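> File input12.cif follows (mmCIF, C-alpha atoms):
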```
data_entry
loop_
_atom_site.group_PDB
_atom_site.id
_atom_site.type_symbol
_atom_site.label_atom_id
_atom_site.label_comp_id
_atom_site.auth_asym_id
_atom_site.auth_seq_id
_atom_site.Cartn_x
_atom_site.Cartn_y
_atom_site.Cartn_z
ATOM 1 C CA MET S 1 5.905 -6.468 -48.257
ATOM 2 C CA VAL S 2 7.786 -6.777 -44.954
ATOM 3 C CA ASP S 3 5.552 -5.790 -42.039
ATOM 4 C CA PHE S 4 6.891 -2.919 -39.911
ATOM 5 C CA LYS S 5 5.392 -4.399 -36.751
ATOM 6 C CA GLY S 6 7.299 -7.605 -37.425
ATOM 7 C CA LEU S 7 10.566 -5.688 -37.747
ATOM 8 C CA GLU S 8 9.864 -3.806 -34.521
ATOM 9 C CA THR S 9 9.138 -7.107 -32.768
ATOM 10 C CA PHE S 10 12.392 -8.591 -34.084
ATOM 11 C CA VAL S 11 14.386 -5.615 -32.799
ATOM 12 C CA TRP S 12 12.907 -5.901 -29.313
ATOM 13 C CA VAL S 13 13.398 -9.676 -29.132
ATOM 14 C CA VAL S 14 17.087 -9.155 -29.876
ATOM 15 C CA ALA S 15 17.395 -6.128 -27.555
ATOM 16 C CA LEU S 16 15.714 -7.875 -24.608
ATOM 17 C CA GLY S 17 17.016 -11.363 -25.353
ATOM 18 C CA SER S 18 13.673 -13.104 -24.981
ATOM 19 C CA PHE S 19 10.178 -13.436 -26.415
ATOM 20 C CA ARG S 20 8.783 -12.819 -22.945
ATOM 21 C CA GLY S 21 10.597 -9.502 -22.564
ATOM 22 C CA ALA S 22 9.467 -8.364 -26.005
ATOM 23 C CA ALA S 23 5.875 -9.342 -25.189
ATOM 24 C CA GLN S 24 5.951 -7.241 -22.008
ATOM 25 C CA LYS S 25 7.524 -4.307 -23.803
ATOM 26 C CA LEU S 26 5.034 -4.386 -26.686
ATOM 27 C CA ASN S 27 2.061 -5.134 -24.408
ATOM 28 C CA THR S 28 1.130 -8.402 -26.084
ATOM 29 C CA THR S 29 1.529 -12.153 -25.571
ATOM 30 C CA GLN S 30 4.444 -14.494 -26.216
ATOM 31 C CA PRO S 31 2.454 -16.472 -28.831
ATOM 32 C CA ALA S 32 1.797 -13.202 -30.675
ATOM 33 C CA ILE S 33 5.525 -12.420 -30.628
ATOM 34 C CA SER S 34 6.347 -15.906 -31.918
ATOM 35 C CA HIS S 35 3.774 -15.508 -34.701
ATOM 36 C CA ARG S 36 5.195 -12.151 -35.796
ATOM 37 C CA ILE S 37 8.754 -13.522 -35.926
ATOM 38 C CA ALA S 38 7.636 -16.626 -37.856
ATOM 39 C CA GLN S 39 5.686 -14.452 -40.308
ATOM 40 C CA LEU S 40 8.691 -12.138 -40.790
ATOM 41 C CA GLU S 41 10.977 -15.112 -41.418
ATOM 42 C CA ASP S 42 8.482 -16.470 -44.000
ATOM 43 C CA GLU S 43 8.371 -13.086 -45.756
ATOM 44 C CA LEU S 44 12.170 -12.813 -45.871
ATOM 45 C CA GLY S 45 12.772 -16.473 -46.649
ATOM 46 C CA PHE S 46 15.398 -17.171 -43.989
ATOM 47 C CA LYS S 47 15.833 -17.616 -40.243
ATOM 48 C CA LEU S 48 16.443 -14.521 -38.158
ATOM 49 C CA LEU S 49 17.058 -16.013 -34.725
ATOM 50 C CA THR S 50 19.020 -18.827 -33.159
ATOM 51 C CA ARG S 51 17.495 -20.325 -30.025
ATOM 52 C CA GLU S 52 19.903 -22.079 -27.670
ATOM 53 C CA ALA S 53 18.479 -22.951 -24.253
ATOM 54 C CA ARG S 54 17.341 -19.579 -22.870
ATOM 55 C CA ASN S 55 19.623 -17.537 -25.087
ATOM 56 C CA ILE S 56 18.205 -15.969 -28.249
ATOM 57 C CA THR S 57 20.622 -14.362 -30.708
ATOM 58 C CA PRO S 58 20.311 -13.179 -34.318
ATOM 59 C CA THR S 59 21.693 -15.318 -37.126
ATOM 60 C CA ALA S 60 24.290 -13.858 -39.497
ATOM 61 C CA ARG S 61 21.560 -12.693 -41.879
ATOM 62 C CA GLY S 62 19.467 -11.677 -38.907
ATOM 63 C CA ARG S 63 22.200 -9.224 -37.889
ATOM 64 C CA GLN S 64 22.007 -7.674 -41.353
ATOM 65 C CA VAL S 65 18.243 -7.243 -41.034
ATOM 66 C CA LEU S 66 18.695 -5.849 -37.515
ATOM 67 C CA GLY S 67 20.787 -2.942 -38.778
ATOM 68 C CA TYR S 68 18.153 -1.912 -41.314
ATOM 69 C CA ALA S 69 15.297 -2.434 -38.844
ATOM 70 C CA GLU S 70 16.942 -0.207 -36.224
ATOM 71 C CA LYS S 71 17.417 2.539 -38.821
ATOM 72 C CA MET S 72 13.748 2.339 -39.835
ATOM 73 C CA ILE S 73 12.560 2.536 -36.231
ATOM 74 C CA GLY S 74 14.933 5.412 -35.568
ATOM 75 C CA MET S 75 13.575 7.299 -38.600
ATOM 76 C CA ARG S 76 10.028 6.805 -37.356
ATOM 77 C CA ALA S 77 11.024 8.196 -33.945
ATOM 78 C CA GLU S 78 12.641 11.212 -35.610
ATOM 79 C CA MET S 79 9.524 11.840 -37.672
ATOM 80 C CA LEU S 80 7.202 11.669 -34.658
ATOM 81 C CA ALA S 81 9.521 13.913 -32.653
ATOM 82 C CA ALA S 82 9.563 16.475 -35.452
ATOM 83 C CA LEU S 83 5.786 16.391 -35.871
ATOM 84 C CA ARG S 84 5.091 16.050 -32.124
ATOM 85 C CA ASP S 85 2.029 13.937 -32.925
ATOM 86 C CA THR S 86 0.683 13.343 -29.425
ATOM 87 C CA ALA S 87 -1.904 10.871 -30.704
ATOM 88 C CA ALA S 88 0.914 8.683 -32.028
ATOM 89 C CA ILE S 89 2.586 8.511 -28.595
ATOM 90 C CA ARG S 90 0.861 5.507 -27.107
ATOM 91 C CA GLY S 91 1.577 2.287 -25.264
ATOM 92 C CA ILE S 92 2.915 1.630 -21.773
ATOM 93 C CA ILE S 93 5.910 3.124 -19.959
ATOM 94 C CA ARG S 94 7.167 0.986 -17.072
ATOM 95 C CA LEU S 95 8.412 3.441 -14.471
ATOM 96 C CA GLY S 96 10.388 2.691 -11.313
ATOM 97 C CA VAL S 97 10.373 5.440 -8.672
ATOM 98 C CA ALA S 98 12.255 6.094 -5.442
ATOM 99 C CA GLU S 99 9.803 6.895 -2.657
ATOM 100 C CA THR S 100 11.159 10.395 -2.078
ATOM 101 C CA ILE S 101 9.782 11.298 -5.515
ATOM 102 C CA VAL S 102 6.427 9.701 -4.666
ATOM 103 C CA HIS S 103 6.008 12.120 -1.754
ATOM 104 C CA THR S 104 7.077 15.218 -3.668
ATOM 105 C CA TRP S 105 6.267 15.758 -7.361
ATOM 106 C CA LEU S 106 5.133 12.373 -8.741
ATOM 107 C CA PRO S 107 1.375 13.238 -8.725
ATOM 108 C CA ASP S 108 2.013 16.437 -10.714
ATOM 109 C CA PHE S 109 4.188 14.462 -13.127
ATOM 110 C CA ILE S 110 1.452 11.868 -13.789
ATOM 111 C CA LYS S 111 -1.123 14.620 -14.343
ATOM 112 C CA GLU S 112 1.157 16.279 -16.900
ATOM 113 C CA VAL S 113 1.829 12.995 -18.737
ATOM 114 C CA ASN S 114 -1.928 12.384 -18.944
ATOM 115 C CA ARG S 115 -2.481 15.905 -20.264
ATOM 116 C CA CYS S 116 0.282 15.790 -22.882
ATOM 117 C CA TYR S 117 -0.074 12.191 -24.049
ATOM 118 C CA PRO S 118 -3.571 10.865 -23.323
ATOM 119 C CA HIS S 119 -2.902 7.543 -25.083
ATOM 120 C CA LEU S 120 0.224 6.768 -23.034
ATOM 121 C CA SER S 121 -0.127 4.663 -19.881
ATOM 122 C CA VAL S 122 2.358 4.643 -17.010
ATOM 123 C CA GLU S 123 2.895 1.582 -14.802
ATOM 124 C CA ILE S 124 4.529 2.669 -11.530
ATOM 125 C CA GLU S 125 6.638 0.568 -9.195
ATOM 126 C CA VAL S 126 8.139 2.016 -6.015
ATOM 127 C CA ASP S 127 11.411 0.641 -4.657
ATOM 128 C CA ILE S 128 14.778 1.630 -3.239
ATOM 129 C CA SER S 129 17.352 2.962 -5.703
ATOM 130 C CA PRO S 130 19.679 -0.113 -5.734
ATOM 131 C CA SER S 131 16.744 -2.371 -6.633
ATOM 132 C CA LEU S 132 15.545 0.061 -9.298
ATOM 133 C CA ARG S 133 19.027 0.075 -10.854
ATOM 134 C CA ALA S 134 19.026 -3.732 -11.029
ATOM 135 C CA ARG S 135 15.560 -3.802 -12.568
ATOM 136 C CA LEU S 136 16.479 -1.143 -15.101
ATOM 137 C CA LEU S 137 19.595 -3.027 -16.235
ATOM 138 C CA ALA S 138 17.510 -6.225 -16.446
ATOM 139 C CA GLN S 139 15.126 -4.211 -18.663
ATOM 140 C CA GLU S 140 12.174 -4.954 -16.409
ATOM 141 C CA ILE S 141 11.398 -1.231 -16.305
ATOM 142 C CA ASP S 142 11.876 1.454 -18.966
ATOM 143 C CA ILE S 143 12.805 4.441 -16.796
ATOM 144 C CA ALA S 144 13.939 4.851 -13.207
ATOM 145 C CA PHE S 145 13.665 8.002 -11.099
ATOM 146 C CA LEU S 146 16.304 7.283 -8.487
ATOM 147 C CA LEU S 147 19.431 8.411 -6.685
ATOM 148 C CA GLY S 148 22.061 8.829 -9.367
ATOM 149 C CA PRO S 149 23.576 9.216 -11.779
ATOM 150 C CA LEU S 150 24.168 5.581 -12.732
ATOM 151 C CA THR S 151 26.975 4.161 -14.839
ATOM 152 C CA ALA S 152 26.604 1.198 -17.185
ATOM 153 C CA PRO S 153 26.895 0.550 -20.927
ATOM 154 C CA LEU S 154 24.135 2.226 -22.974
ATOM 155 C CA LEU S 155 22.779 3.944 -19.865
ATOM 156 C CA ARG S 156 21.626 7.556 -20.092
ATOM 157 C CA ASN S 157 20.981 9.917 -17.170
ATOM 158 C CA ARG S 158 19.311 13.277 -16.692
ATOM 159 C CA LEU S 159 19.419 15.201 -13.434
ATOM 160 C CA LEU S 160 15.899 15.940 -12.155
ATOM 161 C CA CYS S 161 16.237 17.488 -8.709
ATOM 162 C CA GLU S 162 18.406 17.792 -5.627
ATOM 163 C CA TYR S 163 17.215 17.735 -2.020
ATOM 164 C CA ALA S 164 18.981 19.016 1.072
ATOM 165 C CA VAL S 165 19.027 16.532 3.952
ATOM 166 C CA GLY S 166 18.837 17.416 7.624
ATOM 167 C CA PHE S 167 18.067 16.183 11.121
ATOM 168 C CA ILE S 168 14.334 16.315 11.840
ATOM 169 C CA ALA S 169 12.722 15.610 15.218
ATOM 170 C CA SER S 170 9.547 16.034 17.205
ATOM 171 C CA PRO S 171 9.721 18.911 19.727
ATOM 172 C CA ALA S 172 8.605 16.369 22.332
ATOM 173 C CA MET S 173 12.012 14.656 22.071
ATOM 174 C CA LYS S 174 13.695 17.814 23.432
ATOM 175 C CA VAL S 175 16.709 17.431 21.156
ATOM 176 C CA PRO S 176 19.154 20.310 21.779
ATOM 177 C CA ASN S 177 18.840 22.864 19.004
ATOM 178 C CA PRO S 178 21.460 23.500 17.784
ATOM 179 C CA ALA S 179 23.069 20.128 18.444
ATOM 180 C CA ASP S 180 26.545 18.790 17.771
ATOM 181 C CA ILE S 181 27.262 15.274 16.538
ATOM 182 C CA ARG S 182 27.895 13.925 20.043
ATOM 183 C CA GLN S 183 24.491 15.150 21.210
ATOM 184 C CA LEU S 184 22.774 13.748 18.126
ATOM 185 C CA ALA S 185 24.430 10.360 18.703
ATOM 186 C CA THR S 186 22.599 9.983 22.030
ATOM 187 C CA PHE S 187 19.246 9.764 20.216
ATOM 188 C CA PRO S 188 17.955 6.965 17.958
ATOM 189 C CA ILE S 189 18.456 7.851 14.301
ATOM 190 C CA ILE S 190 15.915 6.964 11.584
ATOM 191 C CA THR S 191 16.756 7.074 7.901
ATOM 192 C CA PHE S 192 16.586 5.383 4.497
ATOM 193 C CA ALA S 193 16.744 1.616 3.960
ATOM 194 C CA ARG S 194 19.916 -0.428 4.283
ATOM 195 C CA LYS S 195 22.117 -0.696 1.184
ATOM 196 C CA THR S 196 21.102 2.780 0.056
ATOM 197 C CA GLN S 197 23.478 5.705 -0.337
ATOM 198 C CA PRO S 198 21.866 7.846 2.423
ATOM 199 C CA TYR S 199 21.933 4.959 4.922
ATOM 200 C CA GLU S 200 25.641 4.372 4.318
ATOM 201 C CA LEU S 201 26.350 8.109 4.645
ATOM 202 C CA VAL S 202 24.534 8.324 7.977
ATOM 203 C CA LYS S 203 26.235 5.178 9.243
ATOM 204 C CA SER S 204 29.703 6.447 8.305
ATOM 205 C CA LEU S 205 28.974 9.875 9.815
ATOM 206 C CA PHE S 206 28.474 8.379 13.278
ATOM 207 C CA ASN S 207 31.055 5.600 12.937
ATOM 208 C CA ARG S 208 33.714 7.337 15.011
ATOM 209 C CA PRO S 209 35.673 5.946 17.959
ATOM 210 C CA ASP S 210 34.957 9.082 20.031
ATOM 211 C CA LEU S 211 31.172 8.649 19.682
ATOM 212 C CA PRO S 212 28.862 6.206 21.442
ATOM 213 C CA ALA S 213 27.368 3.442 19.318
ATOM 214 C CA ILE S 214 24.162 4.761 17.809
ATOM 215 C CA LYS S 215 20.808 3.054 17.461
ATOM 216 C CA LEU S 216 20.124 3.287 13.722
ATOM 217 C CA HIS S 217 16.648 2.454 12.428
ATOM 218 C CA ALA S 218 16.207 1.967 8.669
ATOM 219 C CA SER S 219 13.093 1.840 6.512
ATOM 220 C CA ALA S 220 12.370 1.687 2.802
ATOM 221 C CA SER S 221 9.156 3.630 3.487
ATOM 222 C CA MET S 222 9.563 7.370 3.862
ATOM 223 C CA ALA S 223 6.008 7.546 5.193
ATOM 224 C CA THR S 224 7.098 5.212 7.993
ATOM 225 C CA VAL S 225 10.200 7.301 8.751
ATOM 226 C CA VAL S 226 8.096 10.472 8.986
ATOM 227 C CA HIS S 227 5.498 8.768 11.192
ATOM 228 C CA LEU S 228 8.181 7.490 13.580
ATOM 229 C CA ALA S 229 9.675 10.969 13.777
ATOM 230 C CA LEU S 230 6.251 12.468 14.551
ATOM 231 C CA GLU S 231 5.800 9.871 17.300
ATOM 232 C CA GLY S 232 9.122 10.856 18.876
ATOM 233 C CA ILE S 233 10.814 7.505 18.216
ATOM 234 C CA GLY S 234 14.007 9.103 16.919
ATOM 235 C CA VAL S 235 15.676 11.805 14.873
ATOM 236 C CA ALA S 236 14.937 11.399 11.163
ATOM 237 C CA VAL S 237 17.695 12.091 8.642
ATOM 238 C CA ILE S 238 15.697 12.855 5.483
ATOM 239 C CA PRO S 239 15.160 15.605 2.880
ATOM 240 C CA TYR S 240 13.440 18.671 4.348
ATOM 241 C CA GLN S 241 11.032 18.747 1.401
ATOM 242 C CA LEU S 242 9.317 15.562 2.589
ATOM 243 C CA VAL S 243 8.110 17.213 5.785
ATOM 244 C CA LYS S 244 7.545 20.816 4.738
ATOM 245 C CA GLU S 245 3.997 20.908 6.116
ATOM 246 C CA GLU S 246 5.055 19.301 9.413
ATOM 247 C CA LEU S 247 7.906 21.801 9.798
ATOM 248 C CA ASP S 248 5.635 24.756 8.999
ATOM 249 C CA SER S 249 3.036 23.569 11.534
ATOM 250 C CA GLY S 250 5.613 22.944 14.274
ATOM 251 C CA ARG S 251 4.859 19.243 14.579
ATOM 252 C CA LEU S 252 8.473 18.633 13.579
ATOM 253 C CA GLU S 253 11.523 20.838 13.845
ATOM 254 C CA LEU S 254 14.763 21.106 11.935
ATOM 255 C CA ILE S 255 17.694 20.581 14.259
ATOM 256 C CA GLN S 256 20.431 23.078 13.432
ATOM 257 C CA SER S 257 23.869 21.520 13.489
ATOM 258 C CA ASP S 258 27.364 21.848 12.095
ATOM 259 C CA VAL S 259 26.959 18.244 10.880
ATOM 260 C CA ARG S 260 26.404 18.391 7.137
ATOM 261 C CA MET S 261 24.819 15.714 4.975
ATOM 262 C CA PRO S 262 25.408 15.962 1.214
ATOM 263 C CA GLN S 263 22.440 16.738 -1.001
ATOM 264 C CA LEU S 264 20.614 13.827 -2.609
ATOM 265 C CA SER S 265 20.610 13.982 -6.404
ATOM 266 C CA PHE S 266 17.727 12.266 -8.186
ATOM 267 C CA CYS S 267 18.058 11.397 -11.866
ATOM 268 C CA ALA S 268 16.008 9.865 -14.607
ATOM 269 C CA SER S 269 17.922 6.877 -15.971
ATOM 270 C CA TRP S 270 17.097 4.767 -19.003
ATOM 271 C CA LEU S 271 18.766 2.436 -21.472
ATOM 272 C CA GLU S 272 19.366 3.430 -25.057
ATOM 273 C CA SER S 273 17.206 1.411 -27.422
ATOM 274 C CA PRO S 274 15.997 1.506 -31.035
ATOM 275 C CA ASP S 275 12.924 3.517 -30.068
ATOM 276 C CA THR S 276 13.288 5.850 -27.075
ATOM 277 C CA LEU S 277 10.987 8.640 -28.217
ATOM 278 C CA ALA S 278 8.231 8.037 -25.650
ATOM 279 C CA VAL S 279 10.808 7.523 -22.894
ATOM 280 C CA GLU S 280 12.626 10.761 -23.703
ATOM 281 C CA LEU S 281 9.370 12.726 -23.907
ATOM 282 C CA VAL S 282 8.368 11.403 -20.478
ATOM 283 C CA VAL S 283 11.793 12.326 -19.076
ATOM 284 C CA ASP S 284 11.348 15.850 -20.474
ATOM 285 C CA ILE S 285 8.091 16.158 -18.538
ATOM 286 C CA ALA S 286 9.710 14.837 -15.356
ATOM 287 C CA ALA S 287 12.534 17.383 -15.610
ATOM 288 C CA ARG S 288 10.055 20.213 -16.194
ATOM 289 C CA VAL S 289 7.786 19.242 -13.280
ATOM 290 C CA ALA S 290 10.695 18.649 -10.881
ATOM 291 C CA ARG S 291 12.222 22.015 -11.767
ATOM 292 C CA ALA S 292 8.876 23.816 -11.292
ATOM 293 C CA GLN S 293 8.506 22.320 -7.833
ATOM 294 C CA SER S 294 12.055 23.209 -6.828
ATOM 295 C CA LEU S 295 11.376 26.837 -7.830
ATOM 296 C CA GLU S 296 8.121 26.901 -5.829
ATOM 297 C CA SER S 297 9.781 25.490 -2.706
ATOM 298 C CA ALA S 298 12.942 27.585 -2.898
ATOM 299 C CA PRO S 299 13.407 29.950 0.030
ATOM 300 C CA VAL S 300 12.548 33.592 -0.698
#
```
Here is the file; what I need is its structure written in the form of structure tokens.

Amino acid sequence: MVDFKGLETFVWVVALGSFRGAAQKLNTTQPAISHRIAQLEDELGFKLLTREARNITPTARGRQVLGYAEKMIGMRAEMLAALRDTAAIRGIIRLGVAETIVHTWLPDFIKEVNRCYPHLSVEIEVDISPSLRARLLAQEIDIAFLLGPLTAPLLRNRLLCEYAVGFIASPAMKVPNPADIRQLATFPIITFARKTQPYELVKSLFNRPDLPAIKLHASASMATVVHLALEGIGVAVIPYQLVKEELDSGRLELIQSDVRMPQLSFCASWLESPDTLAVELVVDIAARVARAQSLESAPV
């Protein structure tokens, strides 16, 4: 009888293009992956894969097997989804997260994943959105919570939350409040890392011939941006939600201005694959937790 685990391994080797990628995805070793493929080929009586340099592709008969294997894995996912067997949802989800999410609802999200699926582990990596996109497309992570939505073949997106962005400063800086763009341009500006969407928006906002050249500080660490703002180093251009406590306590203030920054939209993005049940269940939790927080923090 053909082993289901062998078929699942074959599907992931083809989907990820390497034994190493399949080993990481299935939380095992490359020798174990090689053994499963060899055993499956022995059971079927023909070769499934062609190995040329670093490129691994299915043989003609391997492509036939692939179609059936994907259907079987899909049927298993449908069955588990219908039964909602939490004990059957296990393994590791590799999650990439933009730091704004880390400082807002990520802890509540992890608690809810642990509660709903106690046998599912989450590996978290924090990075800027452009890097997370690259890692997702390289299939080094399974899901990304990042600025989106993204566009690419087989890529799926789900909106999680939106954050308003404003000018935040320490009262010690004595920034005029309200302030126009010319007044804001006289102060150092602190915002997201270079090559990110918010950085480019801030840069273009002040890139006007009638304005003085601004001093623009960038950081991939939102904790660093907030700390610099608290120390009076500059005016931070960040989501209000990140500094709610500091604003409520008066340690920071929101500078009213007719300058408007667009909201930042954060999405869950993932690649379609033969077995996305665990990924989609985790995304459902993320959407639920993010929505609950947005309702709690909405102005009354």
> The PyMOL selection byres ((chain S and resi 146) around 12) on the file shown: which residues, as a tab-separated table (two decimals) with C-alpha atoms, keeping the file's coordinate frame?

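What landed in selection_12.tsv:
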```
chain	number	residue	atom	x	y	z
S	95	LEU	CA	8.41	3.44	-14.47
S	96	GLY	CA	10.39	2.69	-11.31
S	97	VAL	CA	10.37	5.44	-8.67
S	98	ALA	CA	12.26	6.09	-5.44
S	99	GLU	CA	9.80	6.90	-2.66
S	100	THR	CA	11.16	10.40	-2.08
S	101	ILE	CA	9.78	11.30	-5.52
S	102	VAL	CA	6.43	9.70	-4.67
S	125	GLU	CA	6.64	0.57	-9.20
S	126	VAL	CA	8.14	2.02	-6.02
S	127	ASP	CA	11.41	0.64	-4.66
S	128	ILE	CA	14.78	1.63	-3.24
S	129	SER	CA	17.35	2.96	-5.70
S	130	PRO	CA	19.68	-0.11	-5.73
S	131	SER	CA	16.74	-2.37	-6.63
S	132	LEU	CA	15.54	0.06	-9.30
S	133	ARG	CA	19.03	0.08	-10.85
S	134	ALA	CA	19.03	-3.73	-11.03
S	135	ARG	CA	15.56	-3.80	-12.57
S	136	LEU	CA	16.48	-1.14	-15.10
S	143	ILE	CA	12.80	4.44	-16.80
S	144	ALA	CA	13.94	4.85	-13.21
S	145	PHE	CA	13.66	8.00	-11.10
S	147	LEU	CA	19.43	8.41	-6.68
S	148	GLY	CA	22.06	8.83	-9.37
S	149	PRO	CA	23.58	9.22	-11.78
S	150	LEU	CA	24.17	5.58	-12.73
S	157	ASN	CA	20.98	9.92	-17.17
S	158	ARG	CA	19.31	13.28	-16.69
S	159	LEU	CA	19.42	15.20	-13.43
S	160	LEU	CA	15.90	15.94	-12.16
S	161	CYS	CA	16.24	17.49	-8.71
S	162	GLU	CA	18.41	17.79	-5.63
S	196	THR	CA	21.10	2.78	0.06
S	197	GLN	CA	23.48	5.70	-0.34
S	264	LEU	CA	20.61	13.83	-2.61
S	265	SER	CA	20.61	13.98	-6.40
S	266	PHE	CA	17.73	12.27	-8.19
S	267	CYS	CA	18.06	11.40	-11.87
S	268	ALA	CA	16.01	9.86	-14.61
S	269	SER	CA	17.92	6.88	-15.97
S	270	TRP	CA	17.10	4.77	-19.00
```
> Quick one: distance from atom CA of Leu44 of chain S to atom CA of Val13 of chain S in Å, one decimal?
17.1 Å
> List the spatial neighbours of segment 255-261 of chain S as a VMD selection string - criterion: any atom at most 6 Å away, all atoms listed in the file, same-chain residues fewer than 3 positions off excluded.
chain S and resid 165 167 to 168 177 to 180
> Quick check, in Å to one decimal: how far apart do atom CA of Gly250 of chain S and atom CA of Ala218 of chain S lie?
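Interatomic distance, atom CA of Gly250 of chain S to atom CA of Ala218 of chain S: 24.2 Å.
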> So which one's closest to Gly17 of chain S, S:Pro239, S:Val122, S:Ala138, S:Ser204? Using only C-alpha atoms, please.
S:Ala138
> I need the output of the PyMOL selection byres ((chain S and resi 115-121) around 12) for this file as a PDB file with C-alpha atoms, in the coordinates of the input; which residues are they?

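Full text of expr-v1.pdb as output:
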```pdb
ATOM      1  CA  ASN S  27       2.061  -5.134 -24.408  1.00  0.00           C
ATOM      2  CA  ARG S  84       5.091  16.050 -32.124  1.00  0.00           C
ATOM      3  CA  ASP S  85       2.029  13.937 -32.925  1.00  0.00           C
ATOM      4  CA  THR S  86       0.683  13.343 -29.425  1.00  0.00           C
ATOM      5  CA  ALA S  87      -1.904  10.871 -30.704  1.00  0.00           C
ATOM      6  CA  ALA S  88       0.914   8.683 -32.028  1.00  0.00           C
ATOM      7  CA  ILE S  89       2.586   8.511 -28.595  1.00  0.00           C
ATOM      8  CA  ARG S  90       0.861   5.507 -27.107  1.00  0.00           C
ATOM      9  CA  GLY S  91       1.577   2.287 -25.264  1.00  0.00           C
ATOM     10  CA  ILE S  92       2.915   1.630 -21.773  1.00  0.00           C
ATOM     11  CA  ILE S  93       5.910   3.124 -19.959  1.00  0.00           C
ATOM     12  CA  ARG S  94       7.167   0.986 -17.072  1.00  0.00           C
ATOM     13  CA  LEU S  95       8.412   3.441 -14.471  1.00  0.00           C
ATOM     14  CA  ASP S 108       2.013  16.437 -10.714  1.00  0.00           C
ATOM     15  CA  PHE S 109       4.188  14.462 -13.127  1.00  0.00           C
ATOM     16  CA  ILE S 110       1.452  11.868 -13.789  1.00  0.00           C
ATOM     17  CA  LYS S 111      -1.123  14.620 -14.343  1.00  0.00           C
ATOM     18  CA  GLU S 112       1.157  16.279 -16.900  1.00  0.00           C
ATOM     19  CA  VAL S 113       1.829  12.995 -18.737  1.00  0.00           C
ATOM     20  CA  ASN S 114      -1.928  12.384 -18.944  1.00  0.00           C
ATOM     21  CA  VAL S 122       2.358   4.643 -17.010  1.00  0.00           C
ATOM     22  CA  GLU S 123       2.895   1.582 -14.802  1.00  0.00           C
ATOM     23  CA  ILE S 124       4.529   2.669 -11.530  1.00  0.00           C
ATOM     24  CA  ALA S 278       8.231   8.037 -25.650  1.00  0.00           C
ATOM     25  CA  VAL S 279      10.808   7.523 -22.894  1.00  0.00           C
ATOM     26  CA  LEU S 281       9.370  12.726 -23.907  1.00  0.00           C
ATOM     27  CA  VAL S 282       8.368  11.403 -20.478  1.00  0.00           C
ATOM     28  CA  ASP S 284      11.348  15.850 -20.474  1.00  0.00           C
ATOM     29  CA  ILE S 285       8.091  16.158 -18.538  1.00  0.00           C
TER      30      ILE S 285
END
```
> Considering only C-alpha atoms, state which residue in the set S:Lys25, S:Lys5, S:Arg291, S:Lys47 is at the smallest distance from Glu140 of chain S.
S:Lys25
> Calculated over all atoms listed in the file, which of the candidates S:Pro176, S:Gln30, S:Leu242, S:Thr191 has the smallest distance to Ala164 of chain S?
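For Ala164 of chain S, the nearest of the candidates is S:Leu242.
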> Can you tell me how far atom CA of Ile73 of chain S sits from atom CA of Phe4 of chain S, in Å to one decimal?
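So the two atoms, atom CA of Ile73 of chain S and atom CA of Phe4 of chain S, lie 8.7 Å apart.
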> Counting all atoms listed in the file, which residue out of S:Leu254, S:Ile37, S:Ala290, S:Val2 sits closest to Phe19 of chain S?
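Looking at the shortest contact to Phe19 of chain S, the residue is S:Ile37.
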> Please provide the set of residues having any atom within 8 Å of Ser221 of chain S, restricted to only C-alpha atoms, with same-chain residues fewer than 2 positions apart removed, written as a PDB file with C-alpha atoms, in the coordinates of the input.

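Below is the file that was written, part-v9.pdb:
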```
ATOM      1  CA  GLU S  99       9.803   6.895  -2.657  1.00  0.00           C
ATOM      2  CA  PHE S 192      16.586   5.383   4.497  1.00  0.00           C
ATOM      3  CA  ALA S 193      16.744   1.616   3.960  1.00  0.00           C
ATOM      4  CA  SER S 219      13.093   1.840   6.512  1.00  0.00           C
ATOM      5  CA  ALA S 223       6.008   7.546   5.193  1.00  0.00           C
ATOM      6  CA  THR S 224       7.098   5.212   7.993  1.00  0.00           C
ATOM      7  CA  VAL S 225      10.200   7.301   8.751  1.00  0.00           C
TER       8      VAL S 225
END
```
> Select, from S:Ile214, S:Arg194, S:Ala15, S:Ala185, the residue with the minimum atom-to-atom distance to Arg63 of chain S, counting only C-alpha atoms.
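Closest to Arg63 of chain S, using only C-alpha atoms: S:Ala15.
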> List the residues selected by the PyMOL selection byres ((chain S and resi 205-213) around 12) in the file shown, writing them as a PyMOL selection string.
chain S and resi 180-189+198-204+214-216+237+259-262
> Keeping only C-alpha atoms, write the selected residues as a short mmCIF file (atom, residue, chain, number, x, y, z; two decimals), in the frame of the given file.

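To be explicit, this is the file written out as out-v3.cif:
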```cif
data_model
loop_
_atom_site.label_atom_id
_atom_site.label_comp_id
_atom_site.auth_asym_id
_atom_site.auth_seq_id
_atom_site.Cartn_x
_atom_site.Cartn_y
_atom_site.Cartn_z
CA ASP S 180 26.54 18.79 17.77
CA ILE S 181 27.26 15.27 16.54
CA ARG S 182 27.90 13.92 20.04
CA GLN S 183 24.49 15.15 21.21
CA LEU S 184 22.77 13.75 18.13
CA ALA S 185 24.43 10.36 18.70
CA THR S 186 22.60 9.98 22.03
CA PHE S 187 19.25 9.76 20.22
CA PRO S 188 17.95 6.96 17.96
CA ILE S 189 18.46 7.85 14.30
CA PRO S 198 21.87 7.85 2.42
CA TYR S 199 21.93 4.96 4.92
CA GLU S 200 25.64 4.37 4.32
CA LEU S 201 26.35 8.11 4.64
CA VAL S 202 24.53 8.32 7.98
CA LYS S 203 26.24 5.18 9.24
CA SER S 204 29.70 6.45 8.30
CA ILE S 214 24.16 4.76 17.81
CA LYS S 215 20.81 3.05 17.46
CA LEU S 216 20.12 3.29 13.72
CA VAL S 237 17.70 12.09 8.64
CA VAL S 259 26.96 18.24 10.88
CA ARG S 260 26.40 18.39 7.14
CA MET S 261 24.82 15.71 4.97
CA PRO S 262 25.41 15.96 1.21
#
```
